[in-house]
Every structure is written in C-alpha cells, then in structure tokens.
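Asker: What follows is coords.tsv, TSV, C-alpha atoms.
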chain	number	residue	atom	x	y	z
E	1	MET	CA	84.98	62.78	92.31
E	2	LEU	CA	88.12	64.30	93.75
E	3	GLY	CA	89.47	65.16	90.30
E	4	GLU	CA	86.49	67.40	89.51
E	5	LEU	CA	85.76	70.84	90.88
E	6	PRO	CA	82.42	71.35	92.65
E	7	ARG	CA	79.71	73.34	90.91
E	8	GLU	CA	80.35	76.24	93.27
E	9	LEU	CA	83.67	76.78	91.47
E	10	ALA	CA	81.98	77.50	88.15
E	11	GLU	CA	83.17	80.71	86.51
E	12	ASP	CA	81.23	83.92	87.06
E	13	ARG	CA	79.46	84.59	83.77
E	14	PHE	CA	77.51	87.65	84.91
E	15	TRP	CA	78.90	89.91	82.21
E	16	GLU	CA	78.56	87.24	79.52
E	17	LYS	CA	74.81	87.08	80.12
E	18	LEU	CA	74.47	90.71	79.03
E	19	PRO	CA	74.22	91.13	75.24
E	20	PRO	CA	77.24	93.09	73.96
E	21	PRO	CA	75.10	95.96	72.58
E	22	LEU	CA	73.33	96.30	75.92
E	23	LEU	CA	76.62	96.28	77.84
E	24	SER	CA	78.06	98.97	75.54
E	25	MET	CA	74.92	101.07	75.89
E	26	ILE	CA	75.05	100.81	79.68
E	27	VAL	CA	78.70	101.90	79.89
E	28	LEU	CA	78.27	104.70	77.34
E	29	GLY	CA	75.05	105.81	79.03
E	30	LEU	CA	76.82	106.05	82.37
E	31	ALA	CA	79.69	107.97	80.78
E	32	PHE	CA	77.31	110.51	79.20
E	33	LEU	CA	75.30	110.76	82.43
E	34	PHE	CA	78.36	111.52	84.58
E	35	THR	CA	79.73	113.91	81.96
E	36	GLY	CA	76.47	115.85	81.99
E	37	LEU	CA	76.26	115.93	85.78
E	38	LEU	CA	79.86	117.12	86.17
E	39	GLY	CA	79.35	119.88	83.62
E	40	ALA	CA	75.90	121.03	84.75
E	41	ALA	CA	75.67	124.74	85.58
E	42	GLY	CA	79.42	125.15	85.28
E	43	SER	CA	79.52	128.81	84.27
E	44	ASP	CA	79.75	131.46	86.94
E	45	GLY	CA	77.97	133.97	84.73
E	46	THR	CA	80.97	135.92	83.43
E	47	ALA	CA	81.82	136.08	79.74
E	48	ASP	CA	85.15	134.36	80.27
E	49	SER	CA	83.52	131.54	82.19
E	50	LYS	CA	80.81	131.04	79.56
E	51	ALA	CA	83.43	130.84	76.83
E	52	PHE	CA	85.58	128.47	78.86
E	53	VAL	CA	82.84	125.94	79.70
E	54	ARG	CA	81.91	125.84	76.00
E	55	GLY	CA	85.54	125.33	74.96
E	56	VAL	CA	87.17	122.07	73.94
E	57	PRO	CA	89.70	121.69	76.83
E	58	TRP	CA	87.03	121.81	79.55
E	59	ASN	CA	84.73	119.46	77.65
E	60	VAL	CA	87.63	117.07	77.12
E	61	TRP	CA	88.09	116.91	80.90
E	62	LEU	CA	84.37	116.33	81.35
E	63	ALA	CA	84.34	113.51	78.80
E	64	VAL	CA	87.47	111.83	80.17
E	65	THR	CA	86.31	112.11	83.77
E	66	GLY	CA	82.78	110.95	82.93
E	67	ALA	CA	84.20	107.88	81.17
E	68	ALA	CA	86.47	107.25	84.15
E	69	MET	CA	83.51	107.33	86.54
E	70	ALA	CA	81.63	104.87	84.32
E	71	LEU	CA	84.64	102.53	84.53
E	72	PHE	CA	84.72	102.96	88.32
E	73	VAL	CA	81.08	101.82	88.49
E	74	VAL	CA	81.81	98.72	86.38
E	75	LEU	CA	84.88	97.89	88.47
E	76	THR	CA	82.92	98.31	91.70
E	77	VAL	CA	80.16	95.96	90.50
E	78	GLN	CA	82.69	93.31	89.52
E	79	ALA	CA	84.55	93.62	92.83
E	80	VAL	CA	81.31	93.19	94.79
E	81	ARG	CA	80.52	90.06	92.78
E	82	VAL	CA	83.93	88.59	93.56
E	83	LEU	CA	83.43	89.26	97.27
E	84	GLN	CA	79.95	87.73	97.12
E	85	HIS	CA	81.18	84.53	95.44
E	86	PRO	CA	84.88	84.13	96.29
E	87	TYR	CA	84.71	80.33	95.91
E	88	ARG	CA	84.19	80.84	92.18
E	89	TRP	CA	87.70	82.23	92.09
E	90	GLY	CA	89.32	79.46	94.11
E	91	PHE	CA	89.46	80.92	97.61
E	92	TYR	CA	87.32	80.58	100.72
E	93	PRO	CA	87.98	83.45	103.16
E	94	PRO	CA	86.12	83.46	106.49
E	95	ARG	CA	83.42	86.11	106.78
E	96	ARG	CA	85.27	87.73	109.66
E	97	ARG	CA	88.36	88.13	107.51
E	98	ILE	CA	86.39	89.64	104.64
E	99	LEU	CA	84.81	92.21	106.93
E	100	GLY	CA	88.11	92.95	108.67
E	101	TYR	CA	90.02	93.53	105.46
E	102	LEU	CA	87.16	95.57	104.00
E	103	VAL	CA	87.14	97.82	107.08
E	104	CYS	CA	90.89	98.32	106.71
E	105	ALA	CA	90.50	99.22	103.03
E	106	ILE	CA	87.66	101.66	103.78
E	107	ALA	CA	89.73	103.24	106.55
E	108	GLY	CA	92.60	103.76	104.13
E	109	CYS	CA	90.25	105.35	101.59
E	110	LEU	CA	88.86	107.66	104.27
E	111	ILE	CA	92.37	108.79	105.14
E	112	ALA	CA	92.99	109.49	101.45
E	113	SER	CA	89.75	111.49	101.34
E	114	VAL	CA	90.81	113.62	104.30
E	115	TYR	CA	94.17	114.26	102.65
E	116	ARG	CA	92.39	115.22	99.42
E	117	LEU	CA	90.17	117.69	101.28
E	118	GLN	CA	93.25	119.37	102.75
E	119	LEU	CA	94.52	119.98	99.21
E	120	SER	CA	91.40	121.86	98.12
E	121	GLY	CA	93.23	125.19	98.14
E	122	ALA	CA	95.88	123.86	95.78
E	123	LEU	CA	93.42	123.07	92.95
E	124	PRO	CA	93.86	124.84	89.60
E	125	ASP	CA	92.17	128.21	89.31
E	126	LEU	CA	89.56	127.71	86.59
E	127	PRO	CA	86.53	129.92	85.76
E	128	VAL	CA	84.10	127.19	86.80
E	129	ARG	CA	81.60	127.12	89.64
E	130	GLU	CA	82.30	124.71	92.49
E	131	LEU	CA	85.39	123.27	90.86
E	132	ASP	CA	86.43	121.64	94.12
E	133	PHE	CA	83.20	119.64	94.28
E	134	ARG	CA	83.40	118.66	90.60
E	135	THR	CA	86.89	117.24	91.06
E	136	LEU	CA	86.10	115.66	94.44
E	137	VAL	CA	83.22	113.53	93.12
E	138	PRO	CA	85.35	111.45	90.69
E	139	PHE	CA	88.01	111.09	93.38
E	140	ILE	CA	85.43	109.66	95.79
E	141	ALA	CA	84.18	107.36	93.01
E	142	SER	CA	87.70	106.05	92.50
E	143	LEU	CA	88.05	105.33	96.22
E	144	ILE	CA	84.72	103.49	96.27
E	145	ALA	CA	86.03	101.26	93.50
E	146	THR	CA	89.42	100.86	95.17
E	147	ALA	CA	88.22	99.61	98.57
E	148	PRO	CA	86.69	96.27	97.46
E	149	TRP	CA	89.51	95.51	95.03
E	150	LEU	CA	92.12	96.18	97.69
E	151	THR	CA	90.18	93.82	99.96
E	152	ILE	CA	90.22	91.13	97.26
E	153	VAL	CA	93.99	91.47	96.80
E	154	TRP	CA	94.60	91.08	100.54
E	155	LEU	CA	92.25	88.09	100.73
E	156	ALA	CA	93.90	86.39	97.76
E	157	HIS	CA	97.33	87.07	99.25
E	158	SER	CA	96.30	85.45	102.53
E	159	GLU	CA	94.82	82.53	100.63
E	160	CYS	CA	98.04	81.91	98.72
E	161	ARG	CA	100.05	81.98	101.95
E	162	GLU	CA	97.76	79.47	103.68
E	163	LEU	CA	96.94	77.06	100.85
E	164	SER	CA	99.30	74.38	102.08
E	165	ILE	CA	98.39	74.59	105.77
E	166	ARG	CA	94.65	75.33	105.96
E	167	GLU	CA	91.70	73.08	105.34
E	168	ASP	CA	89.24	74.73	102.99
E	169	ARG	CA	85.49	74.15	103.14
E	170	PRO	CA	83.30	75.92	100.59
E	171	PRO	CA	79.66	76.80	101.27
E	172	GLY	CA	77.55	73.73	102.04
E	173	GLY	CA	80.33	71.95	103.89
E	174	GLN	CA	81.76	70.13	100.88
E	175	HIS	CA	85.38	69.30	101.57
E	176	VAL	CA	87.80	70.75	99.03
E	177	ASN	CA	91.19	70.33	100.64
E	178	ASP	CA	92.80	69.53	97.30
E	179	TYR	CA	95.88	71.73	97.55
E	180	ALA	CA	96.76	70.73	101.11
E	181	ASP	CA	96.26	67.07	100.21
E	182	ALA	CA	98.40	67.43	97.12
E	183	LEU	CA	101.23	68.93	99.13
E	184	GLU	CA	101.00	66.95	102.36
E	185	ASP	CA	99.69	63.52	101.39
E	186	ARG	CA	102.57	61.08	101.55
E	187	SER	CA	101.01	58.55	99.22
E	188	ASP	CA	101.75	60.74	96.17
E	189	ASN	CA	98.35	59.94	94.71
E	190	PRO	CA	98.34	61.53	91.21
E	191	ALA	CA	94.55	61.97	91.41
E	192	LEU	CA	95.08	64.71	94.01
E	193	PHE	CA	97.02	67.00	91.68
E	194	PRO	CA	94.44	68.03	89.03
E	195	PRO	CA	92.17	69.82	91.56
E	196	ALA	CA	95.20	71.59	93.04
E	197	ILE	CA	96.26	72.78	89.61
E	198	ARG	CA	92.75	74.00	88.86
E	199	ARG	CA	92.68	75.78	92.19
E	200	LEU	CA	95.90	77.61	91.48
E	201	GLU	CA	94.69	78.38	87.97
E	202	ARG	CA	91.62	80.12	89.44
E	203	LEU	CA	93.81	82.16	91.73
E	204	TRP	CA	96.04	83.02	88.78
E	205	GLN	CA	93.00	84.30	86.91
E	206	LEU	CA	92.06	86.33	89.98
E	207	LEU	CA	95.56	87.80	90.08
E	208	LEU	CA	95.27	88.90	86.45
E	209	VAL	CA	91.83	90.38	87.05
E	210	CYS	CA	93.02	92.32	90.11
E	211	VAL	CA	96.04	93.78	88.35
E	212	GLY	CA	93.94	94.59	85.29
E	213	ALA	CA	91.27	96.30	87.39
E	214	PHE	CA	93.80	98.47	89.22
E	215	THR	CA	95.54	99.30	85.95
E	216	ILE	CA	92.30	100.42	84.30
E	217	GLY	CA	91.38	102.55	87.31
E	218	VAL	CA	94.81	104.15	87.52
E	219	VAL	CA	94.96	104.93	83.80
E	220	ALA	CA	91.51	106.56	84.03
E	221	ALA	CA	92.55	108.68	87.02
E	222	VAL	CA	95.83	109.77	85.42
E	223	ALA	CA	94.10	110.64	82.14
E	224	SER	CA	91.62	112.80	84.06
E	225	ALA	CA	94.46	114.62	85.83
E	226	GLY	CA	96.18	115.25	82.50
E	227	ALA	CA	92.96	116.58	80.97
E	228	LEU	CA	92.55	118.93	83.94
E	229	ARG	CA	96.02	120.32	83.32
E	230	GLY	CA	95.16	120.78	79.66
E	231	ALA	CA	92.11	122.81	80.66
E	232	PHE	CA	94.19	124.94	83.03
E	233	VAL	CA	96.84	125.66	80.37
E	234	ALA	CA	94.08	126.62	77.92
E	235	ALA	CA	92.50	128.99	80.46
E	236	HIS	CA	95.80	130.53	81.64
E	237	PRO	CA	98.51	130.10	78.98
E	238	ASP	CA	100.81	132.51	80.81
E	239	ARG	CA	100.51	130.52	84.07
E	240	ALA	CA	101.37	127.04	82.78
E	241	ASP	CA	104.28	126.86	85.23
E	242	GLU	CA	101.79	126.76	88.12
E	243	PHE	CA	100.64	123.34	86.92
E	244	PRO	CA	103.80	121.85	85.38
E	245	PRO	CA	103.89	118.52	83.49
E	246	ALA	CA	106.00	117.11	86.32
E	247	ASN	CA	102.91	117.13	88.55
E	248	VAL	CA	101.06	114.74	86.25
E	249	LEU	CA	104.18	112.61	85.78
E	250	LEU	CA	104.61	112.38	89.55
E	251	TYR	CA	100.94	111.44	89.83
E	252	GLY	CA	101.43	108.58	87.37
E	253	ALA	CA	104.68	107.45	89.00
E	254	THR	CA	102.99	107.34	92.41
E	255	PHE	CA	100.26	105.11	91.05
E	256	ALA	CA	102.82	102.90	89.31
E	257	VAL	CA	104.64	102.35	92.61
E	258	GLY	CA	101.30	101.69	94.31
E	259	LEU	CA	100.40	99.06	91.72
E	260	ALA	CA	103.75	97.35	92.22
E	261	VAL	CA	103.32	97.35	96.01
E	262	ILE	CA	99.82	95.85	95.68
E	263	GLY	CA	100.38	93.34	92.89
E	264	VAL	CA	103.91	92.02	93.29
E	265	PRO	CA	103.50	90.49	96.80
E	266	LEU	CA	100.39	88.62	95.66
E	267	ALA	CA	102.18	87.36	92.56
E	268	VAL	CA	105.16	86.22	94.64
E	269	ALA	CA	102.91	84.39	97.14
E	270	TRP	CA	101.07	82.65	94.32
E	271	ARG	CA	104.31	81.70	92.63
E	272	ASN	CA	105.70	80.20	95.85
E	273	ARG	CA	102.69	77.89	96.17
E	274	ALA	CA	102.80	76.96	92.48
E	275	GLN	CA	106.51	76.15	92.85
E	276	GLN	CA	105.75	73.90	95.81
E	277	LEU	CA	103.15	72.03	93.78
E	278	ALA	CA	105.56	71.64	90.85
E	279	GLU	CA	108.17	70.21	93.20
E	280	ARG	CA	105.61	67.79	94.58
E	281	ILE	CA	104.33	66.63	91.19
E	282	CYS	CA	107.76	66.30	89.63
E	283	PRO	CA	110.37	66.00	92.40
E	284	MET	CA	114.09	65.91	91.78
E	285	PRO	CA	115.35	62.36	91.10
E	286	PRO	CA	116.95	60.70	94.14
E	287	ASP	CA	120.37	60.74	92.49
E	288	ALA	CA	119.98	64.48	91.68
E	289	ARG	CA	120.73	63.69	88.02
E	290	PRO	CA	117.68	64.74	86.00
E	291	THR	CA	117.08	62.92	82.76
E	292	ALA	CA	115.84	64.40	79.51
E	293	GLU	CA	112.38	62.96	80.21
E	294	TRP	CA	112.36	64.58	83.67
E	295	LEU	CA	113.39	67.94	82.24
E	296	GLU	CA	110.65	67.75	79.62
E	297	GLU	CA	108.01	66.85	82.21
E	298	ARG	CA	109.16	69.57	84.59
E	299	LYS	CA	109.12	72.11	81.79
E	300	ARG	CA	105.57	71.09	80.87
E	301	ILE	CA	104.37	71.44	84.46
E	302	GLU	CA	106.06	74.81	84.92
E	303	HIS	CA	104.46	76.04	81.73
E	304	LEU	CA	101.06	74.81	82.94
E	305	LEU	CA	101.54	76.69	86.23
E	306	HIS	CA	102.96	79.82	84.52
E	307	LEU	CA	106.27	79.32	86.29
E	308	ASP	CA	108.23	79.68	83.06
E	309	ILE	CA	107.56	83.44	83.18
E	310	GLY	CA	109.23	85.47	85.92
E	311	VAL	CA	107.16	87.82	88.06
E	312	LEU	CA	109.00	90.89	86.82
E	313	ARG	CA	108.95	89.65	83.20
E	314	ASN	CA	105.23	88.94	83.13
E	315	PRO	CA	103.63	91.12	80.41
E	316	LEU	CA	100.73	92.08	82.68
E	317	THR	CA	103.09	93.09	85.49
E	318	ILE	CA	105.13	95.22	83.10
E	319	PHE	CA	101.99	96.74	81.59
E	320	SER	CA	100.54	97.60	85.00
E	321	VAL	CA	103.66	99.57	85.89
E	322	LEU	CA	104.37	101.16	82.51
E	323	ALA	CA	100.77	102.06	81.59
E	324	PRO	CA	100.37	104.80	84.26
E	325	LEU	CA	103.75	106.26	83.34
E	326	ALA	CA	102.99	106.27	79.61
E	327	VAL	CA	99.52	107.78	80.05
E	328	SER	CA	100.81	110.43	82.46
E	329	ALA	CA	103.58	111.39	80.01
E	330	ILE	CA	101.12	111.75	77.13
E	331	ALA	CA	98.58	113.61	79.24
E	332	ALA	CA	101.18	115.91	80.79
E	333	PHE	CA	102.70	117.08	77.52
E	334	LEU	CA	99.59	117.00	75.34
E	335	PRO	CA	98.99	120.78	75.56
E	336	GLN	CA	102.57	121.45	74.43
E	337	LEU	CA	102.22	118.95	71.60
E	338	ALA	CA	98.98	120.59	70.50
E	339	ASN	CA	100.70	123.96	70.31
Spit out the file's structure as structure tokens when you get a sec.

Answerer:
Amino acid sequence: MLGELPRELAEDRFWEKLPPPLLSMIVLGLAFLFTGLLGAAGSDGTADSKAFVRGVPWNVWLAVTGAAMALFVVLTVQAVRVLQHPYRWGFYPPRRRILGYLVCAIAGCLIASVYRLQLSGALPDLPVRELDFRTLVPFIASLIATAPWLTIVWLAHSECRELSIREDRPPGGQHVNDYADALEDRSDNPALFPPAIRRLERLWQLLLVCVGAFTIGVVAAVASAGALRGAFVAAHPDRADEFPPANVLLYGATFAVGLAVIGVPLAVAWRNRAQQLAERICPMPPDARPTAEWLEERKRIEHLLHLDIGVLRNPLTIFSVLAPLAVSAIAAFLPQLAN
C-alpha cells in the first residue's frame, strides 16, 4: 500500500540487539585499551619523566583521550552502517554519489593531517617519549570518524534539495516516489501525504543523529586538548603562558563554527522541503482569509513536521554550538581552578 513504508525503511536496530552490559563493556574495554596503548613506555628514563608519567595530570590526559578514541570507534561504526543502509534513513543516494562525496571527505581529512604534521614543532614540551606520535594517533582517529559522517551530511543535504524533483527507487526496484508525488500530484490525493511525512521524519532523525555525532566527537577532542594543557601546566608551572587558555578556547570556537557550517545548511534544506509539504497539505484558503479551523490544522501539521521550532532556536542546534565552547572554557581554566 502507498500509505505504508517498505520493509527496507525499517529502523536500524543494530545497537539495540547488543545487551546494555555488553555494550558498556565494549566501550569501556576500548577506552582502557587505548589508554594503555597511549601511555605504554611513556617515560624517557629520567627521574622527572618517571614522576610525570605517574602523575595525575598526564594520566587524566590518557584517560580522556582513550575515552575519546573509544567514542570515535563507535561513531565510525555507526556512520558505516548508515552508509551501508541509507534507505533505512529515508534517502537513496546513487553509488557514484556516495563514492564521490566520500572521496571528497577523505581528501579534506588528508589535508587536515598534512596541516597537523606541519604543527609538530609547536606541540607542548612534555617529558614523554614520542609525544608527537601519541597526540597524532587520536587526531587520526578523529579524522577517520569524521570522513563518513561528513559524507552522510552532504548526502542528506543533496537528498533534501532533490526530494521534490527526483524519482527515488530503493534497492529491489520498488517505487517510493512518495514525496515527489505528494508535492507534484495535482489530484491532491490525501493518501500520498503519510509516506511523505514519514520520509521527512526519517531525514529529521538523520539530521539529529548527524549533529549529535559531530557534537560528541568535538566535545571529546576539545576535552582532550584541555587535558593536554593541564598536563603541560603541571609539568611547567612557570611556562603556563606558552600554552594559554585562549588556545583551547579558540580550538573550541573553531569547532563550534565548523558544526554550524556543517549542520545549519542541512537543517535549512530539510526545513524548506517540510515547509513545501505543509503548504501542499494545508494550502492557504482561496480568499486568503484563514479560519480558526485552518489555523488549528496548520499548527498541527507544522508541529508534526517540527516547523514550529526555528532552526536557530532548536535545542540540538544550540547545544551543538554551545557544547564545544562550554567544554573548552572548562578545560582551559581547569588548572587555574584547581590551584
């Protein structure tokens, strides 16, 4: 039936199949594993180095960074699953587009890696062996997690822009042109609208997941940078000005701007398509004099399509921008607060 979604659009319940204790053990196990690997053979043999690697500030950085790498692994797995089964999230990108966008995302990550390698000489001076390598590994892990999620955001953005003009065919050839029919069909058949609403709802869920994934990754990266500064201040109290709090704050602000650049265009594109569907379902009366019943119906539809909340007033949008700034502020000034 046209009013029902095909089975291919069933939600991805991969994580729900894992028992909660097992999932917690996997994440914690990965965190401890990465923490141990990052801290292995850290002393350079001197007394100061041995004391430093046993101290709390360095072990805090290890724990925070190990937890961040565990989160990067989880985010990467989820991103790969979305790319493997995009139709479960309401979009059907061509294989060529997926590969093209993924190549672009990987190229961007490679450029970021080259830039990071050029900054090796600017790293904090800590009594730890191969500090450059120990800080480079989590950075590479973050880029590995970023590439597929950036690809998903671009694919979802393209999908939102083309929903009303492209005919969608999921795997198996089953025709699911519900949104285009709902917008273009001149018969105003009400049966066409439920699938379109469900389709937009799936894309809305994908938007929330994308913003949430980037927010989690950014907060983890900023917390790791703040912990590294705390270790540097503990090792060289008289040289704290070489790694000022402003550096961590700037780091968080950069990520906040990046999140806005990535998330806001997708949210705007989705909102434009949802607004078109709302106009189609509940058009303005011919006399341009809406009645109380029309206003109530329009309000109900806009609430169903999340149009009653502005893009900039959406709690998730605000959280995604403010979270990196808040975490960077706490992480930057934590050593001063501790003293």

Asker: Pick out the residues sitting within 12 Å of Trp294 of chain E, and hand them over as a list in words; count only C-alpha atoms, and ignore anything fewer than 3 positions along from it in its own chain.

Answerer: Glu279, Ile281, Cys282, Pro283, Met284, Pro285, Ala288, Arg289, Pro290, Thr291, Glu297, Arg298, Lys299, Arg300 and Ile301 of chain E

Asker: Ranking E:Pro237, E:Ile197, E:Val327, E:Leu304 by minimum distance to Tyr251 of chain E and counting all atoms listed in the file, which one comes first?

Answerer: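 Ranking E:Pro237, E:Ile197, E:Val327, E:Leu304 by distance to Tyr251 of chain E, first place goes to E:Val327.
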
Asker: Quick one: everything within 12 Å of Leu131 of chain E, counting all atoms listed in the file, minus sequence neighbours fewer than 6 positions away in the same chain. Send it as a PyMOL selection string.

Answerer: chain E and resi 38-44+53+58+62+120-125+137-138+228+232

Asker: Which one is closest to His85 of chain E: E:Ile152, E:Leu23, E:Ala31, E:Leu18? Count only C-alpha atoms.

Answerer: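 Nearest candidate to His85 of chain E out of E:Ile152, E:Leu23, E:Ala31, E:Leu18: E:Ile152.
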
Asker: Distance atom CA of Leu33 of chain E-atom CA of Thr254 of chain E, one decimal place?

Answerer: 29.6 Å

Asker: So which one's closest to Arg81 of chain E, E:Leu155, E:Phe133, E:Trp15, E:Asn59? Using all atoms listed in the file, please.

Answerer: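 Nearest to Arg81 of chain E: E:Trp15.
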
Asker: So how far away is atom CA of Val27 of chain E from atom CA of Ala70 of chain E, in Å?

Answerer: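 Computing it gives 6.1 Å between the two atoms.
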
Asker: Which neighbours of segment 102-104 of chain E fall inside 8 Å, counting all atoms listed in the file, when residues of the same chain fewer than 6 positions from it are skipped, and could you give them as a list of chain:residue names?

Answerer: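 Close residues of segment 102-104 of chain E: E:Ala147, E:Pro148, E:Thr151.
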
Asker: Output C-alpha atoms for every residue in that selection, as an mmCIF file, in the coordinates of the input.

Answerer:
data_model
loop_
_atom_site.group_PDB
_atom_site.id
_atom_site.type_symbol
_atom_site.label_atom_id
_atom_site.label_comp_id
_atom_site.auth_asym_id
_atom_site.auth_seq_id
_atom_site.Cartn_x
_atom_site.Cartn_y
_atom_site.Cartn_z
ATOM 1 C CA ALA E 147 88.220 99.610 98.570
ATOM 2 C CA PRO E 148 86.690 96.270 97.460
ATOM 3 C CA THR E 151 90.180 93.820 99.960
#

Asker: Given the choices E:Val222, E:Ala47, E:Ala79, E:Cys210, which gets closest to Gly252 of chain E if the distance is worked out from all atoms listed in the file?

Answerer: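 Looking at the shortest contact to Gly252 of chain E, the residue is E:Val222.
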
Asker: Please, what distance in Å, to one decimal, runs between atom CA of Val261 of chain E and atom CA of Phe214 of chain E?

Answerer: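 Atom CA of Phe214 of chain E lies 11.7 Å from atom CA of Val261 of chain E.
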
Asker: Using only C-alpha atoms, find the one residue out of E:Gly29, E:Gly100, E:Gly45, E:Gly90 that sits nearest to Gly66 of chain E.

Answerer: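 Counting only C-alpha atoms, the residue closest to Gly66 of chain E is E:Gly29.
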
Asker: From the list E:Val56, E:Phe34, E:Glu242, E:Leu200, which residue is nearest Gln276 of chain E when using only C-alpha atoms?

Answerer: E:Leu200

Asker: Residues within 9 Å of Ala225 of chain E, please, as an NGL selection string. Count all atoms listed in the file; anything in the same chain fewer than 6 positions from it doesn't count.

Answerer: :E and (61 or 65 or 248 or 251 or 328 or 331-332)

Asker: Taking 2 positions as the minimum chain separation for residues in the same chain, which residues sit within 10 Å of Gln275 of chain E when counting all atoms listed in the file? Answer as an MDAnalysis selection string.

Answerer: chainID E and resid 269:273 277:281 301:302 305:307

Asker: Using all atoms listed in the file, give me every residue within 12 Å of (100.1, 106.6, 89.2) in file coordinates, as a ChimeraX atom specification.

Answerer: /E:214-226,247-261,320-329
